[in-house]
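Worksheet: the structure to be examined is printed underneath.
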Amino acid sequence: MALGTLPADAAAKRAARAARRRAPLRPAKLPRPALRTDWLPLLAVLLVQGALSFRLTDANTAFVDEGTYIYSGYQEIAHIVHGSPVATYETFFSGSPVIYPVVVALADMVGGLRGTRLLSMFFMLSATTALHLSTRRLHGSVAAFFAAASFAALGPTQFLGGYSTFDSMALAALAWAGYFTVRLTTGGGYPSMLGAAVFLALADWTKYASLLWTPVILGIAVFAGHGGSPWQGARWRRGAELMVVWLVALLLPAVSADLYIDGFTHTTLMRAPGTDARSYVAEEAAKWVGPLLVLALIGVVVTLFVTRREKNDRSAFWLALVLLAGGLLAPVNQIRIHTWLSLQKHVDFGAWFACIVVGILLARVFLTLKHKVHVVAGVLVTALVIGPLGYVGAGQAAYMFSEWPHSSGLVTALKPYVHKGKDEYLVENYDVPAYYLRESSNWQQWQDLIGKSYTDPETRKTLTGAPALQAAVTDRYYSIVVLDFTQTADIDTALQPTLKKAGYRVHKVVDSTRTGDGEYTIYFAPGFGTKK
């Protein structure tokens, strides 16, 4: 070959490159995005979960907690927009009164009580979606489907999806904090860290009890993700960085610190212990999430054997252990303080984490049966797990919605007599009628039977408890008194003779349940309501 000449193939490649450079630019033809078939099972889960929760949105009138949050939200909005006076809810709410109450009041303006419950359904569907995405990043789409299906099958999940309190919003925020933390450990970078910290802080401000699961989120930041020892410095540094960013996000919006500290201290940090037996609280927790936690425990053991057999790093085992601990936190904490109050809601926060382990376990079972026996065997076995969970859960959710009084009769009976002005109304759990009759009354007119004090106008002596209410009734301070002999049965019984002696008359007795086994007794002060 002569010096300065090129081989034929090299010359041809050079000519082709020159031709491409001279050719006119054409817009690149992007391929059509293919349908993500692994989203179809999630869609099926969300449809079933939505249907099970939607049936509850009209199952009963507002519960006292629902009425309280919606009613307080209207007051907070009026305070923000018009500067109207508002009760110091931050001193006794177990969450910020300017987050969920304001959001749910806006939903009520649009869609009424059902609109607020549909908002809760959206939050819970969002939490299920975050669970699917998190599990999918950790262990694939099959495990993600089983995790989402397990969560949707639970009675507390279905219940919170039709129940308008701050639990659904806090759980959704915690769920997305979990997702962004998983994303952080699988290559998400600092945007994922910021997302995790912001959602975690939002959950904590929405419901202070969400702080209980902050260590679980930090544990995910340490142990999730492949590669490296679970004790590797980079893992722990990642968890420490997330904790710092979360603290900044948590403390940055702090306002009215003293009032919020009072509310946080009394409702969450130093909550007064109850009187329920520990065995009773444990039984209640087992009823709601016992089978799920047993499955999660099996999942942890299986993960340990798999990591030992395959000689993988133990990070997967420690992650599963942290997630199981998250599922146990609510029952253990409430056993500690001897109370089952709100247990059916709190266990669902931990169940979100435990469902990741359950999803991975069921995926292992399904895939093993699919490859070694037949796909039908895998479907049958996993259906025998998810099916009973969903059947029992649906019954539990429906039962929970029947546990509080039906207040439509009470509201109808009070409506002609409740007006803005100087009249005072003493009503057990007044937030429900106050919510329904908010257009015709002011919040200052409604009084509850719990924690009352009254100053005698003659002696100037301040009384508390039942004696305070008896003195106020004797002075005919209240125009309307409503008793239902449930939450304050002892006080109700003590008030009856005083009401009769002071000249109060029974205006009406109204059924408080659809089955007729409970009632409201409405008393009117002498001369009140005679011209109505």
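By convention here, the chains of the structure tokens are called A, B, ... in the order presented, each chain's residues are numbered starting at 1, and ligands are numbered starting at 1 in the order presented.
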
Could you pull out the helix (DSSP H, G or I) residues of range 70-240 of chain A, going by DSSP on the backbone, and write them as a PyMOL selection string? chain A and resi 70-82+89-91+100-139+141-153+155-160+166-188+190-206+208-223+233-240

Contacts of range 328-335 of chain A at 6 Å or less, counting only C-alpha atoms, minus same-chain residues fewer than 2 places along, as number ranges by chain? A: 278, 281, 285, 325-326, 337-339, 346-347

Hey, what's within 6 Å of range 306-315 of chain A if we count only C-alpha atoms and toss same-chain stuff fewer than 6 positions away? As a list of chain:residue names, please?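 Once the adjacent positions are removed, what remains is A:Phe223, A:Ser229, A:Pro230.
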
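Checking A:Lys207, A:Gly421, A:Leu361, A:Glu241 one by one against Val301 in chain A, counting only C-alpha atoms, you find the shortest gap at A:Leu361.
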
From A:Leu319, A:Ala354, A:Ile360, A:Gly327, residue lying nearest Gly140 in chain A [only C-alpha atoms]: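 Among the listed residues, A:Ile360 lies closest to Gly140 in chain A.
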
Leaving out range 504-512 of chain A and any residue of its chain fewer than 6 positions from it, which residues lie within 8 Å of it when counting only C-alpha atoms, given as an mmCIF file with N, CA, C and O atoms, in the first residue's frame?
```cif
data_model
loop_
_atom_site.group_PDB
_atom_site.id
_atom_site.type_symbol
_atom_site.label_atom_id
_atom_site.label_comp_id
_atom_site.auth_asym_id
_atom_site.auth_seq_id
_atom_site.Cartn_x
_atom_site.Cartn_y
_atom_site.Cartn_z
ATOM 1 N N PRO A 405 -73.242 8.116 67.185
ATOM 2 C CA PRO A 405 -74.662 8.458 67.026
ATOM 3 C C PRO A 405 -74.965 9.087 65.671
ATOM 4 O O PRO A 405 -74.131 9.790 65.086
ATOM 5 N N HIS A 406 -76.170 8.841 65.202
ATOM 6 C CA HIS A 406 -76.668 9.455 63.964
ATOM 7 C C HIS A 406 -77.375 10.747 64.366
ATOM 8 O O HIS A 406 -78.381 10.722 65.072
ATOM 9 N N SER A 407 -76.849 11.888 63.926
ATOM 10 C CA SER A 407 -77.277 13.175 64.487
ATOM 11 C C SER A 407 -78.292 13.932 63.641
ATOM 12 O O SER A 407 -78.628 15.075 63.975
ATOM 13 N N GLY A 409 -81.510 13.649 63.297
ATOM 14 C CA GLY A 409 -82.711 14.000 64.058
ATOM 15 C C GLY A 409 -82.457 15.129 65.032
ATOM 16 O O GLY A 409 -83.295 16.029 65.198
ATOM 17 N N LEU A 410 -81.285 15.115 65.681
ATOM 18 C CA LEU A 410 -80.936 16.181 66.623
ATOM 19 C C LEU A 410 -80.811 17.515 65.906
ATOM 20 O O LEU A 410 -81.344 18.540 66.370
ATOM 21 N N ALA A 413 -84.178 18.874 64.953
ATOM 22 C CA ALA A 413 -84.942 19.364 66.108
ATOM 23 C C ALA A 413 -84.409 20.704 66.616
ATOM 24 O O ALA A 413 -85.180 21.553 67.084
ATOM 25 N N GLY A 518 -80.520 4.327 71.119
ATOM 26 C CA GLY A 518 -79.894 5.467 71.771
ATOM 27 C C GLY A 518 -80.726 6.702 71.526
ATOM 28 O O GLY A 518 -81.553 6.734 70.605
ATOM 29 N N GLU A 519 -80.553 7.734 72.364
ATOM 30 C CA GLU A 519 -81.396 8.914 72.191
ATOM 31 C C GLU A 519 -80.731 10.171 72.727
ATOM 32 O O GLU A 519 -79.862 10.116 73.595
ATOM 33 N N TYR A 520 -81.114 11.287 72.160
ATOM 34 C CA TYR A 520 -80.771 12.615 72.659
ATOM 35 C C TYR A 520 -81.986 13.158 73.413
ATOM 36 O O TYR A 520 -83.112 13.079 72.918
ATOM 37 N N THR A 521 -81.752 13.742 74.577
ATOM 38 C CA THR A 521 -82.826 14.422 75.316
ATOM 39 C C THR A 521 -82.556 15.918 75.268
ATOM 40 O O THR A 521 -81.506 16.380 75.737
ATOM 41 N N ILE A 522 -83.492 16.668 74.691
ATOM 42 C CA ILE A 522 -83.328 18.106 74.488
ATOM 43 C C ILE A 522 -84.159 18.847 75.528
ATOM 44 O O ILE A 522 -85.383 18.674 75.611
ATOM 45 N N TYR A 523 -83.485 19.679 76.329
ATOM 46 C CA TYR A 523 -84.146 20.485 77.361
ATOM 47 C C TYR A 523 -84.149 21.951 76.936
ATOM 48 O O TYR A 523 -83.138 22.449 76.415
ATOM 49 N N PHE A 524 -85.259 22.638 77.186
ATOM 50 C CA PHE A 524 -85.354 24.078 76.963
ATOM 51 C C PHE A 524 -85.490 24.792 78.306
ATOM 52 O O PHE A 524 -86.181 24.294 79.217
ATOM 53 N N ALA A 525 -84.837 25.954 78.415
ATOM 54 C CA ALA A 525 -84.981 26.771 79.619
ATOM 55 C C ALA A 525 -86.402 27.315 79.714
ATOM 56 O O ALA A 525 -87.106 27.416 78.701
ATOM 57 N N PRO A 526 -86.855 27.682 80.922
ATOM 58 C CA PRO A 526 -88.204 28.244 81.069
ATOM 59 C C PRO A 526 -88.412 29.445 80.153
ATOM 60 O O PRO A 526 -87.606 30.383 80.135
#
```

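When the distance limit is 10 Å and only C-alpha atoms are what count, the residues near Pro253 in chain A, minus those fewer than 4 positions from it on the same chain, are Ala201, Trp205, Val248 and Ala249 of chain A.
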
Suppose we keep N, CA, C and O atoms; can you now write the selection as an mmCIF file, in the first residue's frame?
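Once written, out14.cif looks like this:
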```cif
data_model
loop_
_atom_site.group_PDB
_atom_site.id
_atom_site.type_symbol
_atom_site.label_atom_id
_atom_site.label_comp_id
_atom_site.auth_asym_id
_atom_site.auth_seq_id
_atom_site.Cartn_x
_atom_site.Cartn_y
_atom_site.Cartn_z
ATOM 1 N N ALA A 201 -42.032 16.465 57.314
ATOM 2 C CA ALA A 201 -42.393 17.599 58.169
ATOM 3 C C ALA A 201 -43.878 17.927 58.048
ATOM 4 O O ALA A 201 -44.540 18.260 59.048
ATOM 5 N N TRP A 205 -46.514 18.020 61.172
ATOM 6 C CA TRP A 205 -47.314 19.190 61.524
ATOM 7 C C TRP A 205 -48.808 18.897 61.403
ATOM 8 O O TRP A 205 -49.616 19.417 62.160
ATOM 9 N N VAL A 248 -34.788 21.066 59.679
ATOM 10 C CA VAL A 248 -34.938 22.418 59.142
ATOM 11 C C VAL A 248 -36.351 22.631 58.626
ATOM 12 O O VAL A 248 -37.006 23.642 58.916
ATOM 13 N N ALA A 249 -36.864 21.654 57.846
ATOM 14 C CA ALA A 249 -38.221 21.768 57.308
ATOM 15 C C ALA A 249 -39.267 21.766 58.413
ATOM 16 O O ALA A 249 -40.303 22.424 58.307
#
```

At a cut-off of 12 Å, using only C-alpha atoms, what residues contact Pro291 in chain A? Leave out same-chain residues fewer than 3 positions from it and give the result as a PyMOL selection string. chain A and resi 150+153-154+285-288+294-298+327+351+354-355+358+385-386+388-390+392-393

Point-to-point distance from CA of Gly465 in chain A to CA of Ser453 in chain A, Å rounded to tenths: 6.4 Å

With 12 Å as the cut-off and only C-alpha atoms counted, what is the closest atom pair between each nearby residue of range 180-259 of chain A and range 268-277 of chain A? Distances in Å to one decimal, ordered by chain and number, as CSV.
```
residue,atom,partner,partner_atom,distance
A:Asp204,CA,A:Thr268,CA,11.3
A:Lys207,CA,A:Thr268,CA,9.5
A:Tyr208,CA,A:Thr268,CA,6.6
A:Ala209,CA,A:Thr268,CA,6.3
A:Ser210,CA,A:Thr268,CA,10.0
A:Leu211,CA,A:Thr268,CA,9.6
A:Leu212,CA,A:Thr268,CA,9.9
```

Print the selection's residues with C-alpha atoms to a file, as a compact mmCIF listing (two decimals), in the first residue's frame.
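Once everything was written out, this is selection32.txt:
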```txt
# COMPACT_ATOMS: atom_id res chain seq x y z
CA ASP A 204 -45.63 15.78 61.56
CA LYS A 207 -50.71 15.15 63.06
CA TYR A 208 -48.10 15.28 65.80
CA ALA A 209 -48.29 11.52 66.37
CA SER A 210 -46.66 11.06 62.94
CA LEU A 211 -43.37 11.81 64.69
CA LEU A 212 -43.51 8.26 66.01
```

Range 430-436 of chain A: which residues within 9 Å, counting only C-alpha atoms, same-chain residues fewer than 6 positions away excluded, as an MDAnalysis selection string? chainID A and resid 61:72 407:408 410:411 414:415 442:443 446:449 482

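Take CA of Met400 in chain A and CA of Phe159 in chain A: the distance between them is 7.3 Å.
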
Between A:Arg183, A:His79, A:His374, A:Arg476, smallest distance to Tyr425 in chain A by only C-alpha atoms belongs to A:Arg476

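Nearest to Phe122 in chain A of all the residues A:Thr267, A:Thr462, A:Gln496, A:Ser168 is A:Ser168, based on only C-alpha atoms.
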
Nearest to Ser342 in chain A, restricted to only C-alpha atoms and choosing among A:Asp492, A:Gly83, A:Val98, A:Pro156, comes out as A:Pro156

Using only C-alpha atoms, which of A:Trp246, A:Gln232, A:Pro215, A:Leu52 sits nearest Ala197 in chain A?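 So, comparing all the options, the nearest one is A:Trp246.
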